[in-house]
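Note: the block below is my_file_31.txt and it holds compact mmCIF, C-alpha atoms.
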```
# COMPACT_ATOMS: atom_id res chain seq x y z
CA MET A 1 9.59 -38.82 35.91
CA LEU A 2 12.26 -40.84 34.11
CA ARG A 3 14.98 -38.61 35.56
CA PHE A 4 14.40 -40.24 38.94
CA LEU A 5 15.47 -43.68 37.77
CA PRO A 6 18.59 -45.03 39.52
CA ARG A 7 22.10 -44.14 38.30
CA ASN A 8 20.66 -41.25 36.26
CA ILE A 9 19.42 -43.67 33.60
CA GLY A 10 16.36 -41.53 33.11
CA ILE A 11 18.45 -38.83 31.41
CA TRP A 12 19.22 -40.99 28.41
CA ILE A 13 16.97 -44.04 28.40
CA GLY A 14 14.39 -42.31 26.22
CA THR A 15 16.97 -41.66 23.52
CA TYR A 16 18.26 -45.21 23.89
CA ALA A 17 14.76 -46.62 23.34
CA LYS A 18 14.24 -44.44 20.26
CA GLN A 19 17.56 -45.61 18.80
CA LYS A 20 16.60 -49.24 19.35
CA ILE A 21 13.23 -48.78 17.66
CA THR A 22 14.70 -46.81 14.75
CA ARG A 23 17.32 -49.45 14.08
CA LEU A 24 14.76 -52.24 14.17
CA ARG A 25 12.50 -50.41 11.71
CA HIS A 26 15.22 -49.11 9.40
CA GLN A 27 18.00 -51.65 9.25
CA PRO A 28 20.53 -50.14 6.82
CA SER A 29 22.01 -52.37 4.14
CA LEU A 30 25.63 -51.90 5.11
CA GLU A 31 28.34 -51.63 2.57
CA ARG A 32 31.11 -54.13 3.11
CA PRO A 33 33.58 -54.21 4.57
CA LEU A 34 32.48 -52.78 7.88
CA HIS A 35 35.24 -50.43 9.09
CA VAL A 36 35.76 -50.17 12.86
CA MET A 37 37.81 -47.22 14.12
CA PHE A 38 39.07 -48.05 17.63
CA CYS A 39 40.32 -45.17 19.77
CA PHE A 40 41.52 -45.39 23.38
CA VAL A 41 41.38 -42.03 25.18
CA ASP A 42 42.97 -41.59 28.57
CA HIS A 43 42.18 -39.00 31.24
CA TYR A 44 45.84 -39.37 32.16
CA GLU A 45 46.31 -38.16 35.76
CA PRO A 46 49.54 -39.28 37.48
CA ARG A 47 48.62 -36.99 40.39
CA TRP A 48 45.32 -38.79 41.02
CA ASN A 49 44.53 -38.92 44.75
CA ASN A 50 47.57 -36.69 45.51
CA PRO A 51 50.25 -39.37 45.89
CA PRO A 52 53.84 -38.75 46.94
CA ARG A 53 56.00 -37.52 44.05
CA GLU A 54 57.77 -40.88 43.92
CA GLN A 55 54.50 -42.69 43.28
CA GLU A 56 53.47 -40.09 40.69
CA ASP A 57 56.73 -40.68 38.81
CA ALA A 58 56.36 -44.44 39.12
CA ARG A 59 52.93 -44.30 37.50
CA VAL A 60 54.38 -42.62 34.43
CA GLN A 61 57.34 -44.99 34.38
CA TYR A 62 55.01 -47.99 34.43
CA TRP A 63 53.53 -46.86 31.12
CA LEU A 64 56.96 -46.22 29.64
CA ASP A 65 58.07 -49.70 30.66
CA HIS A 66 54.96 -51.67 29.71
CA TYR A 67 53.07 -49.97 26.90
CA PRO A 68 55.52 -50.68 24.03
CA ALA A 69 55.64 -54.44 24.58
CA TYR A 70 51.86 -54.52 24.99
CA ALA A 71 51.16 -52.53 21.82
CA ASP A 72 53.79 -54.31 19.74
CA ASP A 73 51.84 -57.55 19.99
CA PHE A 74 48.88 -56.19 17.98
CA ILE A 75 48.39 -54.61 14.57
CA ASP A 76 45.27 -53.53 12.74
CA SER A 77 44.22 -54.13 9.15
CA ASP A 78 46.55 -51.35 7.99
CA GLY A 79 49.62 -52.51 9.91
CA HIS A 80 49.24 -49.92 12.68
CA LYS A 81 49.79 -50.65 16.36
CA PRO A 82 47.31 -49.41 19.01
CA LYS A 83 47.68 -45.65 19.54
CA HIS A 84 46.95 -44.30 23.00
CA SER A 85 45.60 -40.74 23.25
CA PHE A 86 46.95 -39.16 26.45
CA PHE A 87 44.68 -36.28 27.54
CA PHE A 88 46.92 -34.61 30.12
CA PRO A 89 45.36 -32.17 32.64
CA TRP A 90 46.67 -28.59 32.59
CA ASP A 91 45.77 -28.25 36.28
CA GLU A 92 48.22 -31.09 37.04
CA TYR A 93 50.93 -30.00 34.61
CA GLU A 94 54.37 -31.48 35.15
CA ALA A 95 56.89 -30.86 32.38
CA ALA A 96 58.84 -34.05 33.07
CA HIS A 97 55.73 -36.20 32.69
CA ILE A 98 54.86 -34.57 29.36
CA GLU A 99 58.41 -35.12 28.12
CA HIS A 100 58.31 -38.79 29.04
CA LEU A 101 54.98 -39.25 27.28
CA ALA A 102 56.29 -37.31 24.28
CA GLY A 103 59.13 -39.79 24.01
CA LEU A 104 56.62 -42.64 23.95
CA CYS A 105 54.56 -40.87 21.32
CA GLU A 106 57.66 -40.15 19.24
CA ARG A 107 58.01 -43.90 18.82
CA GLY A 108 54.49 -44.12 17.37
CA TYR A 109 52.62 -45.29 20.47
CA GLY A 110 50.20 -42.41 20.84
CA GLU A 111 49.52 -38.69 20.89
CA ILE A 112 49.04 -35.98 23.51
CA GLU A 113 45.88 -33.90 23.92
CA ILE A 114 44.29 -31.57 26.51
CA HIS A 115 42.32 -32.33 29.67
CA LEU A 116 41.19 -29.89 32.37
CA HIS A 117 39.63 -29.92 35.84
CA HIS A 118 38.41 -26.55 37.06
CA ASP A 119 35.78 -25.09 39.36
CA GLY A 120 34.15 -21.69 39.70
CA ASP A 121 35.85 -20.52 36.53
CA SER A 122 34.97 -17.64 34.21
CA ALA A 123 34.78 -17.57 30.42
CA GLU A 124 37.93 -15.46 30.23
CA GLY A 125 39.74 -17.66 32.74
CA PHE A 126 38.87 -20.78 30.76
CA ARG A 127 39.90 -19.15 27.48
CA GLN A 128 43.27 -18.21 28.91
CA LYS A 129 43.87 -21.68 30.33
CA MET A 130 43.29 -23.27 26.92
CA LEU A 131 45.53 -20.77 25.13
CA ASP A 132 48.26 -21.15 27.75
CA PHE A 133 48.34 -24.95 27.68
CA LYS A 134 48.17 -25.02 23.91
CA ARG A 135 51.18 -22.69 23.76
CA VAL A 136 53.14 -24.71 26.34
CA LEU A 137 52.56 -28.02 24.56
CA HIS A 138 53.38 -26.58 21.16
CA GLU A 139 56.35 -24.38 22.05
CA GLU A 140 57.93 -25.99 25.10
CA HIS A 141 57.34 -29.65 24.26
CA ARG A 142 58.54 -29.81 20.66
CA GLY A 143 55.13 -29.39 19.09
CA ALA A 144 53.24 -31.99 21.09
CA LEU A 145 49.88 -31.07 19.53
CA PRO A 146 48.63 -31.72 15.99
CA VAL A 147 48.75 -28.89 13.47
CA ASP A 148 46.59 -27.78 10.58
CA GLU A 149 47.74 -27.02 7.02
CA HIS A 150 49.10 -23.64 8.19
CA GLY A 151 51.13 -25.17 11.00
CA GLU A 152 48.78 -23.84 13.68
CA PRO A 153 48.40 -26.10 16.74
CA LYS A 154 44.99 -27.64 17.40
CA TYR A 155 43.77 -29.86 20.20
CA ALA A 156 41.18 -32.41 21.28
CA PHE A 157 39.56 -31.89 24.67
CA ILE A 158 38.15 -33.88 27.57
CA HIS A 159 36.53 -32.06 30.49
CA GLY A 160 37.54 -33.17 33.95
CA ASN A 161 34.67 -34.43 36.11
CA TRP A 162 32.56 -34.65 32.92
CA CYS A 163 31.18 -31.12 33.43
CA LEU A 164 31.44 -29.70 29.90
CA ASN A 165 29.51 -26.43 29.54
CA ASN A 166 28.89 -26.31 33.30
CA SER A 167 26.52 -29.26 32.94
CA ARG A 168 26.58 -30.53 36.51
CA PRO A 169 23.21 -29.62 38.12
CA ASP A 170 24.84 -28.10 41.22
CA GLY A 171 27.19 -25.97 39.10
CA GLN A 172 30.38 -27.43 40.56
CA TRP A 173 33.58 -28.35 38.71
CA CYS A 174 33.21 -25.83 35.91
CA GLY A 175 31.41 -22.47 36.00
CA VAL A 176 31.54 -21.71 32.26
CA ASP A 177 28.24 -22.19 30.43
CA ASN A 178 29.63 -21.46 26.95
CA GLU A 179 32.71 -23.68 26.94
CA SER A 180 31.84 -25.14 23.52
CA GLU A 181 32.15 -21.71 21.93
CA ILE A 182 35.46 -21.00 23.66
CA LEU A 183 36.85 -24.39 22.69
CA VAL A 184 36.19 -23.72 19.00
CA GLU A 185 37.61 -20.21 19.34
CA THR A 186 40.85 -21.48 20.90
CA GLY A 187 41.49 -24.26 18.38
CA CYS A 188 39.72 -27.35 19.71
CA TYR A 189 38.89 -29.68 16.84
CA VAL A 190 36.84 -32.26 18.77
CA ASP A 191 35.48 -32.95 22.24
CA MET A 192 35.62 -36.52 23.56
CA THR A 193 34.14 -36.08 27.04
CA MET A 194 30.96 -38.14 26.61
CA PRO A 195 29.55 -40.50 27.73
CA SER A 196 29.65 -39.70 31.43
CA ALA A 197 26.91 -42.08 32.66
CA PRO A 198 26.12 -42.82 35.42
CA SER A 199 27.04 -39.21 36.27
CA ASP A 200 24.28 -36.61 36.27
CA THR A 201 26.30 -34.72 33.66
CA GLN A 202 25.30 -37.30 31.03
CA THR A 203 23.64 -35.88 27.91
CA GLN A 204 20.34 -36.93 26.37
CA THR A 205 22.21 -37.34 23.09
CA ILE A 206 24.01 -40.68 23.08
CA ASN A 207 25.97 -42.87 20.66
CA SER A 208 26.50 -39.93 18.37
CA VAL A 209 28.91 -37.83 16.34
CA HIS A 210 27.26 -34.44 16.56
CA TYR A 211 27.66 -30.69 16.86
CA SER A 212 27.09 -28.98 20.17
CA GLY A 213 23.85 -27.03 20.29
CA GLU A 214 24.06 -23.26 20.04
CA TYR A 215 24.69 -21.50 23.33
CA ASP A 216 21.41 -20.07 24.61
CA GLY A 217 22.59 -18.56 27.89
CA LYS A 218 22.09 -21.78 29.83
CA PRO A 219 24.46 -24.60 30.87
CA GLY A 220 24.78 -27.81 28.89
CA CYS A 221 24.36 -26.66 25.30
CA HIS A 222 25.99 -29.94 24.16
CA ASP A 223 23.06 -31.91 25.60
CA ARG A 224 21.45 -31.79 22.17
CA GLY A 225 22.69 -30.79 18.75
CA GLU A 226 22.75 -31.56 15.07
CA PRO A 227 24.29 -34.86 13.90
CA VAL A 228 27.40 -34.68 11.77
CA ARG A 229 26.07 -35.95 8.42
CA PHE A 230 27.69 -37.67 5.47
CA ASN A 231 28.37 -35.37 2.51
CA SER A 232 26.94 -32.30 4.24
CA PRO A 233 28.12 -28.73 4.88
CA ARG A 234 30.07 -28.15 8.05
CA GLN A 235 28.86 -26.08 10.96
CA ASP A 236 30.90 -23.57 12.91
CA ARG A 237 30.32 -25.34 16.20
CA LEU A 238 32.11 -27.87 18.36
CA MET A 239 32.13 -31.45 17.07
CA LEU A 240 31.70 -34.14 19.71
CA ILE A 241 32.54 -37.80 19.17
CA GLN A 242 30.88 -39.87 21.85
CA GLY A 243 31.75 -43.31 23.11
CA PRO A 244 29.23 -46.16 23.45
CA LEU A 245 26.36 -46.05 25.93
CA LEU A 246 23.98 -49.00 26.17
CA PHE A 247 23.05 -51.91 28.42
CA ASN A 248 25.07 -55.07 28.95
CA TRP A 249 22.46 -57.77 29.49
CA ALA A 250 25.14 -60.45 29.85
CA ARG A 251 26.28 -58.87 33.13
CA ARG A 252 23.46 -58.05 35.52
CA SER A 253 23.33 -56.39 38.89
CA MET A 254 22.00 -58.85 41.47
CA GLY A 255 21.26 -61.15 38.54
CA ILE A 256 18.37 -58.94 37.40
CA MET A 257 19.18 -55.48 36.07
CA PRO A 258 21.59 -55.07 33.16
CA ARG A 259 24.76 -53.13 33.83
CA ILE A 260 25.53 -49.89 32.04
CA GLU A 261 28.12 -50.22 29.27
CA ASN A 262 29.79 -46.84 28.90
CA GLY A 263 33.16 -47.79 27.44
CA GLU A 264 35.03 -47.07 30.67
CA ILE A 265 38.03 -49.26 31.44
CA ASP A 266 39.28 -49.50 35.02
CA GLY A 267 40.33 -51.99 37.65
CA ASP A 268 36.72 -52.72 38.62
CA ASN A 269 35.54 -53.00 35.01
CA PRO A 270 38.39 -54.38 32.90
CA PRO A 271 38.10 -54.64 29.11
CA ARG A 272 36.63 -58.12 28.95
CA ALA A 273 36.30 -59.61 25.49
CA GLU A 274 32.49 -59.79 25.87
CA ARG A 275 32.33 -55.98 25.91
CA VAL A 276 33.90 -55.50 22.47
CA PRO A 277 30.88 -56.31 20.26
CA LEU A 278 28.69 -54.08 22.44
CA TRP A 279 30.93 -51.10 21.65
CA VAL A 280 30.45 -51.69 17.95
CA LYS A 281 26.73 -52.42 18.39
CA ALA A 282 26.30 -48.87 19.78
CA GLY A 283 26.67 -47.79 16.15
CA VAL A 284 28.44 -44.46 16.68
CA CYS A 285 28.90 -43.04 13.19
CA VAL A 286 28.54 -40.02 10.98
CA GLU A 287 24.86 -40.04 10.03
CA GLY A 288 24.45 -41.64 6.60
CA LYS A 289 27.77 -43.54 6.81
CA PRO A 290 26.99 -46.54 9.04
CA ASP A 291 29.76 -48.70 7.59
CA TRP A 292 32.34 -46.46 9.33
CA VAL A 293 31.84 -47.16 13.03
CA PHE A 294 33.64 -45.13 15.71
CA VAL A 295 34.51 -46.92 18.94
CA LYS A 296 35.93 -44.62 21.62
CA VAL A 297 36.67 -46.18 24.99
CA HIS A 298 38.17 -44.33 27.93
CA THR A 299 40.17 -44.80 31.10
CA HIS A 300 41.97 -42.98 33.88
CA GLY A 301 45.06 -44.96 33.06
CA ALA A 302 47.69 -43.64 35.46
CA PRO A 303 46.48 -45.17 38.78
CA GLU A 304 47.90 -48.60 39.39
CA ALA A 305 44.73 -50.72 39.27
CA ASN A 306 43.58 -49.08 36.03
CA ALA A 307 47.00 -49.36 34.40
CA ALA A 308 47.01 -53.08 35.20
CA ALA A 309 43.55 -53.48 33.68
CA VAL A 310 44.55 -51.71 30.46
CA LEU A 311 47.99 -53.23 30.01
CA GLY A 312 47.42 -56.65 31.55
CA GLU A 313 45.75 -59.85 30.40
CA SER A 314 42.28 -58.32 30.13
CA GLY A 315 43.63 -55.61 27.84
CA ARG A 316 45.29 -58.23 25.69
CA ALA A 317 42.04 -60.20 25.56
CA MET A 318 40.29 -57.06 24.34
CA HIS A 319 42.72 -56.64 21.44
CA ALA A 320 42.54 -60.33 20.59
CA GLU A 321 38.74 -60.05 20.40
CA LEU A 322 38.96 -56.91 18.26
CA ALA A 323 41.22 -58.78 15.86
CA SER A 324 39.04 -61.87 15.82
CA LEU A 325 35.83 -60.00 15.09
CA TYR A 326 36.95 -57.08 12.92
CA LYS A 327 40.34 -57.92 11.43
CA ASP A 328 40.31 -61.65 10.75
CA ASP A 329 36.77 -61.54 9.34
CA PRO A 330 37.10 -60.66 5.63
CA ARG A 331 33.87 -58.65 5.83
CA CYS A 332 35.43 -56.19 8.29
CA ARG A 333 38.49 -54.00 8.76
CA LEU A 334 39.97 -52.82 12.06
CA HIS A 335 41.69 -49.44 12.33
CA TYR A 336 43.60 -48.39 15.46
CA VAL A 337 43.34 -44.60 15.53
CA SER A 338 44.31 -41.70 17.75
CA ALA A 339 41.80 -39.01 18.73
CA ARG A 340 43.19 -36.85 15.91
CA GLU A 341 42.87 -39.61 13.32
CA MET A 342 39.33 -40.45 14.43
CA ALA A 343 38.29 -36.79 14.06
CA ASN A 344 40.01 -36.58 10.66
CA ILE A 345 38.09 -39.61 9.44
CA ALA A 346 34.81 -38.16 10.73
CA ARG A 347 35.53 -34.95 8.82
CA ALA A 348 36.29 -36.93 5.68
CA ALA A 349 32.91 -38.67 5.97
CA GLU A 350 31.22 -35.31 6.47
CA ASP A 351 32.86 -34.17 3.23
CA GLY A 352 31.46 -37.19 1.40
CA LYS A 353 34.61 -39.32 1.24
CA THR A 354 34.17 -43.07 0.83
CA GLY A 355 36.34 -46.15 0.52
CA ASP A 356 39.01 -47.02 3.07
CA PRO A 357 39.14 -44.65 6.08
CA ASN A 358 42.84 -45.46 6.41
CA ASP A 359 43.33 -42.97 3.57
CA TYR A 360 42.03 -40.14 5.75
CA ARG A 361 44.04 -40.48 8.97
CA ASP A 362 45.82 -37.20 8.14
CA TYR A 363 42.90 -35.65 6.27
CA GLU A 364 43.15 -32.19 7.86
CA LEU A 365 45.27 -32.35 10.99
CA ARG A 366 48.71 -33.88 11.06
CA VAL A 367 51.18 -34.74 13.76
CA ALA A 368 53.60 -31.81 14.03
CA PRO A 369 57.32 -32.35 13.30
CA ARG A 370 57.42 -32.19 17.07
CA PHE A 371 60.38 -34.31 17.96
CA ALA A 372 63.01 -32.75 15.72
CA ARG A 373 65.71 -31.45 18.05
CA GLN A 374 68.03 -28.66 16.93
```

Output the file's structure as structure tokens, nothing else.
Amino acid sequence: MLRFLPRNIGIWIGTYAKQKITRLRHQPSLERPLHVMFCFVDHYEPRWNNPPREQEDARVQYWLDHYPAYADDFIDSDGHKPKHSFFFPWDEYEAAHIEHLAGLCERGYGEIEIHLHHDGDSAEGFRQKMLDFKRVLHEEHRGALPVDEHGEPKYAFIHGNWCLNNSRPDGQWCGVDNESEILVETGCYVDMTMPSAPSDTQTQTINSVHYSGEYDGKPGCHDRGEPVRFNSPRQDRLMLIQGPLLFNWARRSMGIMPRIENGEIDGDNPPRAERVPLWVKAGVCVEGKPDWVFVKVHTHGAPEANAAAVLGESGRAMHAELASLYKDDPRCRLHYVSAREMANIARAAEDGKTGDPNDYRDYELRVAPRFARQ
């Protein structure tokens, strides 16, 4: 019955209620300081809405022109600037765009990862797409992906249209029920697709760092799964780091119903300062390590209105609030991290590491020596 609530709230509201009750009953005595890992992931699509090539190029140029000055104004508790994770879609590949972004990343402003929109695909087709794009980014773009200790390229993933594991009820925009398995097989180290609310692809599992459930022949095996736990053995399944999903009672629809807070940043929902503590309140963490909180927000940052929201005054207000609450307060520490660094820190917690998460930014995966030209 709950699944018929508006905006697909019924999918996840039961889990949300259980989390609220559990936290009220079992308030953990947090170690101090509280460490907040802040990661900005971008479904970066210059070709959004099929613009003329000139507009597509201008969207990329806007980021090249504006992001450095924006990021240079802020540093975290470790002296790091904000690091933008550009998840570029293979289905919209343009070598020049990747090269421009690589130049931005070379200067320390972010990292490049993999995004994909597809429809009616097969397992073999999906596998080949991931292998092909991984090869192109690693070999043709100076090692644009992170590498493991053996120098092998790895990647983080975001599914276009939110349809990981063919999770859309009508079966559109994917077609591959066992994507989680193929992602692990092809070198994906973390998925960062969720949350997708208010989409009907939203999982029951929310506010979580967890492993995808085992594939059972049905779509949506990431809907449920085992939490990633502090000081626990690893599992040979896909790790997912979710962003926040909760209600914003300070902003109400028609003055009555709370709005959904899903960590999405766009022109209609800019990153107002009031949203920042809600992201932390979601409590996304490795189970058993609540003093390391993971905050992953997302955007489609290439279109003009969204770029203005991220890089304009509202984006600056967001960073000022992050600093005020979690950097200037001596009980907290703020860490600007890329998708790779966030996953590294989660792995370190899973292995039982403690102390300052800044020590684990390069725990397993490192940025490749990607910009060394011969």

Query raised in the report: Distance CA of Met192 in chain A-CA of Gly355 in chain A, one decimal place?
Result: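 CA of Met192 in chain A sits 25.0 Å away from CA of Gly355 in chain A.
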
May I have a table of the residues of range 322-359 of chain A lying at most 9 Å from range 236-247 of chain A, giving each one's closest pair of atoms and their distance in Å to one decimal, counting all atoms listed in the file, ordered by chain and ascending residue number, as CSV?
```
residue,atom,partner,partner_atom,distance
A:Met342,CA,A:Ile241,CA,8.7
A:Ala343,CA,A:Ile241,CA,7.8
A:Ala346,CA,A:Ile241,CA,8.7
```

Taking all atoms of range 283-297 of chain A that appear in the file, build a box with edges along x, y and z, extend it by 4 Å on every side, and state its centre and edge lengths in Å to one decimal, as AutoDock Vina command-line options.
```
--center_x 30.6 --center_y -44.4 --center_z 15.8 --size_x 20.2 --size_y 16.7 --size_z 26.4
```

Requested in this report: Tell me which protein, DNA and RNA residues are within 9 Å of range 125-131 of chain A, counting all atoms listed in the file, leaving out same-chain ones fewer than 6 positions away, and put them as a list in words.
Outcome: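 Result of the neighbour search: Trp90, Ile114, Leu116, His118, Val176, Glu179, Ile182, Leu183, Glu185, Thr186 and Gly187 of chain A.
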
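You will find CA of Glu94 in chain A at 9.5 Å from CA of Pro46 in chain A.
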
Report task. Between A:Val297, A:Gln19, A:Leu34, A:Arg168, single out the one closest to Arg331 in chain A, counting all atoms listed in the file. Result ->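 The answer is A:Leu34, which sits nearest to Arg331 in chain A.
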
Report task. Kindly provide, as a list in words, the polymer residues lying within 9 Å of (25.0, -27.5, 23.4), counting only C-alpha atoms and using the coordinates exactly as they appear in the file. Result -> Asn165, Asn178, Ser180, Tyr211, Ser212, Gly213, Glu214, Tyr215, Asp216, Pro219, Gly220, Cys221, His222, Asp223, Arg224, Gly225 and Leu238 of chain A

Query raised in the report: Which residues come within 12 Å of Cys105 in chain A, counting only C-alpha atoms, excluding same-chain residues fewer than 4 positions away, as a PyMOL selection string?
Result: chain A and resi 63-64+67-68+81-86+98-101+109-113+141-145+338+367-368+370-371

**Report entry** Residue among A:Thr201, A:His35, A:Asp65, A:Ile260 lying closest to Asp78 in chain A, counting only C-alpha atoms
**Finding:** A:His35
